[in-house]
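> Let me give you the structure first, and then I'll get to my questions.
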Amino acid sequence: MARLTGARPGAARRWGCAAAFLLLLLTVQAAQKADLSGDTTAATINHSLTLLQRLQELLQNGNGSDSVLRVRSAASDEAKVFHTHQLLLSLQSEVFESLLHNQSVVTLYEPPETAALFEKFIRYLYCGGVSILLHQAIPLHQLASKYRVWGLQRGVAEYMRTHLASESSQGHVVGWYHYAVRVGDAALQESCLQFLAWNLSAVLGSAEWGSVSVELLLLLLERSDLVLHSELELYTAVEGWLSRRQPEAPVAERVLRAIRYPMIAPSQLFRLQAQSAVLARHRGAVQDLLFQAFQFHAASPLHFAKYFDVNCSMFLPRNYLAPSWGSQWVITNPARDDRSTSFQTQLGPSSHDAGKRVTWNVLFSPRWLPVSLRPVYSDTVSGAIQPVRIEDGRPRLVITPAMSSPDFAGVSFQKTVLVGVRQQGRVLVKHAYSFHQSSDEAPDFLAHADLQKRTSEYLIDNSLHLHIIIKPVYHSLIKVKK
């Protein structure tokens with residue numbers, strides 16, 4: 001394999017050509033940042049786009065090339081050949097700097113998916129920009145990580161975090177989560193988990209549900225912020241996952257024990273016991289939970305709490321979208337004036353409380369002012385009031401019960417407000433605000449939303465789409481008997 005030495009004048013000329021282009025690029029960037037000191041005759045002459053075009057042509061035509069990359073893949077017998085310039089590659093990648101230190105021809109071995117994007121990857125090294133599609137994100141991130149092109153790696157990771165809601169025929173969020181776990185990207189992992197939790201119903205009915213790993217499934221089942229129609233919907237999806245994946249018995253039993261059976265009505269539990277093949281196969285592993293669920297529905301919550309610990313996740317509702325747990329509220333022209341609505345929910349998930357209803361009043365104000373910003377009389381100008389701008393206010397949402405009842409004993413209410421947004425043609429949950437009974441108001445509700453703009457990401461056709469969920473939580477008034 002040929003090596004670069006000081007006795008090669010041709011290589012030296014080619015090196016000088018690439019260096020000249022680099023020097024020109026740096027000169028243009030420095031000129032753009034120069035302090036013009038307020039001189040009205042000063043101006044910036046910007047030919048950076050022309051320079052980028054020249055660099056792209058340099059790669060495309062191979063002019064002045066002093067190094068060759070041969071990319072081989074198991075999917076093809078022929079190698080892809082790229083005539084490159086050592087200086088430009090070395091500036092972007094310390095890996096290429098090391099590979100090209102004493103040789104001018106390097107053979108690289110890449111999997112088919114990354115080999116297919118290698119030309120796009122090299123073009124980024126020359127021009128500093130790249131177009132990307134959903135299915136290209138992982139292989140492009142792999143190339144950036146392998147060759148330590150940190151700017152591209154961060155850019156692709158940010159693209160993935162901001163395109164979780166993009167529509168895809170096969171889905172992509174589950175695959176991106178598994179990839180984030182492999183590469184140790186904690187921020188991307190958390191973004192994927194949150195998206196999956198808040199939009200789980202959409203995922204349950206998609207092709208990517210079958211690709212969910214055991215670890216991801218268990219992480220999701222642990223969460224109380226899952227947004228879905230009901231716990232029965234979750235069980236049905238889990239049953240389908242178990243039927244397709246056929247995991248070992250201990251794994252299947254661990255998954256089934258993560259279902260919150262007390263949140264399923266007794267009539268539905270009876271049907272599951274009679275018709276579910278998965279439940280019949282693993283009945284022994286969950287028999288105690290089913291029996292406990294029937295007891296929970298048969299007794300009054302206060303009596304049940306004397307003997308069982310109700311302060312655990314099994315008795316904590318998730319974010320259910322069914323009508324008995326809350327209500328959707330679409331506010332048209334939300335920047336215009338205050339609005340109010342009311343709705344009813346079931347007192348609690350126990351069948352003992354099935355016929356009891358709680359009425360809730362909701363107030364929305366688009367421009368509520370904190371005390372610190374409210375108008376006050378000024379001493380400097382007699383009778384004058386400090387001016388207050390509309391934009392000083394912030395959206396406010398207050399949820400209060402319209403009644404009190406002895407039935408509330410042993411029950412507290414957690415309130416969750418989901419904000420739907422339209423992304424890539426789909427309506428999805430992007431924001432969720434949760435607060436407890438001790439507070440009637442959602443803290444920081446839409447604190448950063450600009451509802452004055454019709455193009456606001458928080459609005460759908462100039463309307464604010466909310467779904468308010470009331471989660472009744474039982475708690476023990478009497479110490480549980482051991």
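By convention in this document, the chains of the structure tokens carry letters A, B, ... by their order, each chain's residues are numbered from 1, and ligands are numbered from 1 in the order they are shown.
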So that I can see what lies close to Arg154 of chain A, please list as an MDAnalysis selection string the residues with an atom at most 10 Å from it, counting only C-alpha atoms and leaving out residues fewer than 6 positions away in the same chain.
chainID A and resid 141 144:145 160
> Any idea what the distance is between atom CA of Tyr433 of chain A and atom CA of Leu446 of chain A?
9.0 Å
> Residues at most 12 Å from segment 301-306 of chain A, counting only C-alpha atoms, excluding those fewer than 3 positions away in the same chain, as number ranges by chain?
A: 262, 292-298, 309-312, 315, 347-354, 406-411, 472-482
> Those same residues - C-alpha atoms - I'd like them written as a short mmCIF file (atom, residue, chain, number, x, y, z; two decimals), in the first residue's frame.

data_model
loop_
_atom_site.label_atom_id
_atom_site.label_comp_id
_atom_site.auth_asym_id
_atom_site.auth_seq_id
_atom_site.Cartn_x
_atom_site.Cartn_y
_atom_site.Cartn_z
CA PRO A 262 -57.90 -3.98 40.28
CA GLN A 292 -57.15 -9.66 45.43
CA ALA A 293 -58.73 -7.70 42.57
CA PHE A 294 -62.12 -9.38 43.13
CA GLN A 295 -61.86 -8.61 46.86
CA PHE A 296 -61.02 -5.01 46.04
CA HIS A 297 -64.18 -4.66 43.96
CA ALA A 298 -66.42 -6.50 46.44
CA ASP A 309 -51.88 -2.00 51.53
CA VAL A 310 -53.63 0.23 49.01
CA ASN A 311 -50.67 2.62 48.81
CA CYS A 312 -48.92 0.60 46.11
CA PHE A 315 -54.14 0.25 43.15
CA LEU A 347 -65.49 8.43 42.62
CA GLY A 348 -63.01 5.56 42.48
CA PRO A 349 -61.97 2.46 40.54
CA SER A 350 -63.62 0.07 42.99
CA SER A 351 -66.99 -1.34 41.90
CA HIS A 352 -68.21 -0.29 45.34
CA ASP A 353 -67.90 3.31 44.08
CA ALA A 354 -69.17 2.63 40.54
CA PRO A 406 -68.32 11.90 53.29
CA ASP A 407 -67.57 9.42 50.50
CA PHE A 408 -64.35 11.34 49.87
CA ALA A 409 -62.90 9.89 53.07
CA GLY A 410 -59.96 7.71 52.18
CA VAL A 411 -59.80 9.05 48.62
CA PRO A 472 -58.70 8.70 42.44
CA VAL A 473 -56.13 7.30 44.83
CA TYR A 474 -57.18 5.30 47.87
CA HIS A 475 -55.14 5.60 51.04
CA SER A 476 -55.30 3.86 54.39
CA LEU A 477 -57.03 5.61 57.29
CA ILE A 478 -56.36 2.64 59.58
CA LYS A 479 -53.12 0.74 59.88
CA VAL A 480 -53.14 -2.42 57.81
CA LYS A 481 -53.38 -5.60 59.90
CA LYS A 482 -50.48 -7.96 59.46
#
> Would you please work out which residue, of A:Leu55, A:Thr50, A:His83, A:Arg394, is nearest to Val68 of chain A when using only C-alpha atoms?
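With only C-alpha atoms as the atom set, the closest residue is A:His83.
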> Pick out the closest residue to Glu231 of chain A from this set: A:Met263, A:Leu290, A:Val421, A:Met314. Count only C-alpha atoms.
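Distance minimum relative to Glu231 of chain A lands on A:Met263.
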> When DSSP is applied to the backbone of this structure, which of segment 39-87 of chain A are assigned alpha helix (DSSP H)? Write them out as a ChimeraX atom specification.
/A:48-61,86-87
> According to DSSP computed on the backbone, where in segment 95-238 of chain A is there strand (DSSP E or B)? Give the residues as a tab-separated table (two decimals) with all heavy atoms, in the first residue's frame.

chain	number	residue	atom	x	y	z
A	105	VAL	N	-4.01	4.99	1.02
A	105	VAL	CA	-5.14	4.15	0.61
A	105	VAL	C	-5.58	3.33	1.82
A	105	VAL	O	-4.77	2.61	2.42
A	105	VAL	CB	-4.76	3.21	-0.56
A	105	VAL	CG1	-5.97	2.34	-0.94
A	105	VAL	CG2	-4.28	4.01	-1.75
A	106	VAL	N	-6.86	3.44	2.18
A	106	VAL	CA	-7.39	2.74	3.35
A	106	VAL	C	-8.64	1.97	2.94
A	106	VAL	O	-9.50	2.51	2.25
A	106	VAL	CB	-7.74	3.72	4.49
A	106	VAL	CG1	-8.37	2.99	5.65
A	106	VAL	CG2	-6.50	4.47	4.95
A	107	THR	N	-8.70	0.71	3.36
A	107	THR	CA	-9.89	-0.11	3.12
A	107	THR	C	-10.71	-0.17	4.40
A	107	THR	O	-10.20	-0.54	5.46
A	107	THR	CB	-9.51	-1.52	2.66
A	107	THR	OG1	-8.75	-1.43	1.44
A	107	THR	CG2	-10.76	-2.36	2.41
A	108	LEU	N	-11.98	0.17	4.29
A	108	LEU	CA	-12.88	0.18	5.44
A	108	LEU	C	-13.95	-0.87	5.23
A	108	LEU	O	-14.48	-1.03	4.12
A	108	LEU	CB	-13.52	1.56	5.60
A	108	LEU	CG	-12.56	2.75	5.72
A	108	LEU	CD1	-13.34	4.05	5.67
A	108	LEU	CD2	-11.75	2.66	7.01
A	109	TYR	N	-14.30	-1.58	6.28
A	109	TYR	CA	-15.33	-2.62	6.22
A	109	TYR	C	-16.55	-2.15	7.01
A	109	TYR	O	-16.46	-1.86	8.21
A	109	TYR	CB	-14.80	-3.94	6.77
A	109	TYR	CG	-13.67	-4.51	5.94
A	109	TYR	CD1	-12.34	-4.19	6.24
A	109	TYR	CD2	-13.93	-5.32	4.83
A	109	TYR	CE1	-11.30	-4.69	5.46
A	109	TYR	CE2	-12.90	-5.82	4.05
A	109	TYR	CZ	-11.58	-5.50	4.37
A	109	TYR	OH	-10.56	-5.98	3.59
A	227	VAL	N	-50.54	6.63	29.00
A	227	VAL	CA	-51.79	7.18	28.50
A	227	VAL	C	-52.41	6.16	27.56
A	227	VAL	O	-51.85	5.85	26.50
A	227	VAL	CB	-51.55	8.52	27.76
A	227	VAL	CG1	-52.86	9.03	27.16
A	227	VAL	CG2	-50.96	9.55	28.71
A	228	LEU	N	-53.56	5.63	27.94
A	228	LEU	CA	-54.25	4.64	27.13
A	228	LEU	C	-55.71	4.61	27.55
A	228	LEU	O	-56.09	5.21	28.56
A	228	LEU	CB	-53.61	3.26	27.25
A	228	LEU	CG	-53.64	2.53	28.58
A	228	LEU	CD1	-53.23	1.09	28.36
A	228	LEU	CD2	-52.72	3.15	29.60
> Set the distance at 12 Å and use only C-alpha atoms: which residues neighbour Val255 of chain A once local chain neighbours fewer than 6 positions away are removed? I'd like the list as a ChimeraX atom specification.
/A:213-222,234-235,237-239,241-242,246-249,278-279,282,285-286
> If you count only C-alpha atoms, which residues fall within 7 Å of Thr114 of chain A, apart from same-chain ones fewer than 5 positions away, as a compact mmCIF listing (two decimals) with all heavy atoms, in the first residue's frame?

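Result saved to result.txt:
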# COMPACT_ATOMS: atom_id res chain seq x y z
N PRO A 139 -28.05 4.31 11.18
CA PRO A 139 -26.75 4.07 10.52
C PRO A 139 -25.88 5.32 10.43
O PRO A 139 -24.65 5.23 10.54
CB PRO A 139 -27.13 3.55 9.13
CG PRO A 139 -28.58 3.87 8.96
CD PRO A 139 -29.17 3.90 10.32
N LEU A 140 -26.48 6.50 10.28
CA LEU A 140 -25.69 7.72 10.21
C LEU A 140 -25.09 8.04 11.59
O LEU A 140 -23.93 8.48 11.70
CB LEU A 140 -26.55 8.87 9.72
CG LEU A 140 -25.80 10.07 9.12
CD1 LEU A 140 -24.91 9.63 7.97
CD2 LEU A 140 -26.80 11.12 8.63
N LEU A 143 -22.10 5.75 12.04
CA LEU A 143 -20.90 6.23 11.36
C LEU A 143 -20.27 7.39 12.11
O LEU A 143 -19.04 7.43 12.29
CB LEU A 143 -21.27 6.68 9.93
CG LEU A 143 -21.54 5.56 8.91
CD1 LEU A 143 -22.09 6.14 7.62
CD2 LEU A 143 -20.26 4.76 8.64
> Which neighbours of Leu59 of chain A fall inside 9 Å, counting only C-alpha atoms, when residues of the same chain fewer than 4 positions from it are skipped, and could you give them as a list of chain:residue names?
A:Arg54, A:Leu55, A:Asn63, A:Ser65, A:Phe82, A:His83, A:Thr84, A:His85, A:Ile122, A:Arg123, A:Tyr126
